[in-house]
Amino acid sequence: MRALLVGGGCRGLDLARSLGAEGHAVRAVTRSEAGRPAIERTGAECWIGDPDRIGTLRYALENVTLLFWLLGTASGAPEKVAALHGSRLRMMLEKTTDTTVRGVVYEATGTLSPDTHAQGVEEMRHAQRTNEIPFALLRADPRGDRSAWLAEAHAAAFGLLAGPRRVSAPG
């Protein structure tokens, strides 16, 4: 699997390290060169981009299996943070259409208002309805037990990779 991690800070680095240790390829996004050393120390590929400018992330999707949208604790101007879970998320999900992305893991809890997270969940549902993009929600508190968050992120990822069970008819 190749994962693209957008956001997540320290927990995202933990996830990159963990997935990399299991033999998966990880690409992690940072807004500036200052984040490169921490990302590369995890063994992940660094991508300079900004989730507020989706065009900077478009080519980061190349050969990606799972997209992780880990912005549940994003900070900044309220309207910009809301857009990361609304219009910017929708634009990113539209970019995954006709790519190798097989699913999206969305961090649906954190420091943001419940309305902001609800908007993000609705964007995920919209993408599933309109483009059949499978998704999983992370509900573990990103500020809480890091190992519980990491375990849920792994379960979400591998649940998406497993997809629906297909059973052949006896024949």
# chains A, B, ... in the order shown; residues from 1 in each chain; ligands from 1
$ residues_around --residues "region 100-111 of chain A" --least-positions-apart "6" --cutoff "10 Å" --atoms "only C-alpha atoms" --output "ChimeraX atom specification"
/A:2-5,7-8,61-75,85,89,93,117-121,124,127-128,132-144,149,153-154,156-157,159-161,163
$ residues_around --residues "Gly55 (chain A)" --least-positions-apart "4" --cutoff "10 Å" --atoms "only C-alpha atoms" --output "list in words"
Gly49, Asp50, Pro51, Tyr59, Ala60, Met91, Met92 and Lys95 of chain A
$ write_last_selection --atoms "C-alpha atoms" --output "short mmCIF file (atom, residue, chain, number, x, y, z; two decimals), in the first residue's frame"
data_model
loop_
_atom_site.label_atom_id
_atom_site.label_comp_id
_atom_site.auth_asym_id
_atom_site.auth_seq_id
_atom_site.Cartn_x
_atom_site.Cartn_y
_atom_site.Cartn_z
CA GLY A 49 1.88 21.13 -0.43
CA ASP A 50 -0.97 22.93 1.27
CA PRO A 51 -4.43 21.44 1.83
CA TYR A 59 0.22 15.07 -8.06
CA ALA A 60 0.84 13.79 -4.56
CA MET A 91 -12.07 19.34 -4.15
CA MET A 92 -9.51 16.79 -2.94
CA LYS A 95 -9.25 14.72 -7.51
#
$ atom_distance --atom1 "CA of Ile54 (chain A)" --atom2 "CA of Ala77 (chain A)"
17.5 Å
$ closest_residue --among "A:Leu150, A:Ala16, A:Val6, A:Met1" --to "Ala162 (chain A)" --atoms "only C-alpha atoms"
A:Met1
$ atom_distance --atom1 "CA of Ala25 (chain A)" --atom2 "CA of Glu45 (chain A)"
8.0 Å
$ select_by_dssp --residues "region 10-85 of chain A" --states "helix (DSSP H, G or I)" --output "ChimeraX atom specification"
/A:10-21,33-41,54-56,58-61,78-84
$ closest_residue --among "A:Arg58, A:Arg90, A:Arg125, A:Arg31" --to "Gly9 (chain A)" --atoms "only C-alpha atoms"
A:Arg31
$ closest_residue --among "A:Pro114, A:Glu152, A:Phe158, A:Thr97" --to "Asn131 (chain A)" --atoms "only C-alpha atoms"
A:Thr97
$ select_by_dssp --residues "chain A" --states "strand (DSSP E or B)" --output "number ranges by chain"
A: 2-7, 25-30, 45-48, 50, 53, 66-70, 103-107, 135-138
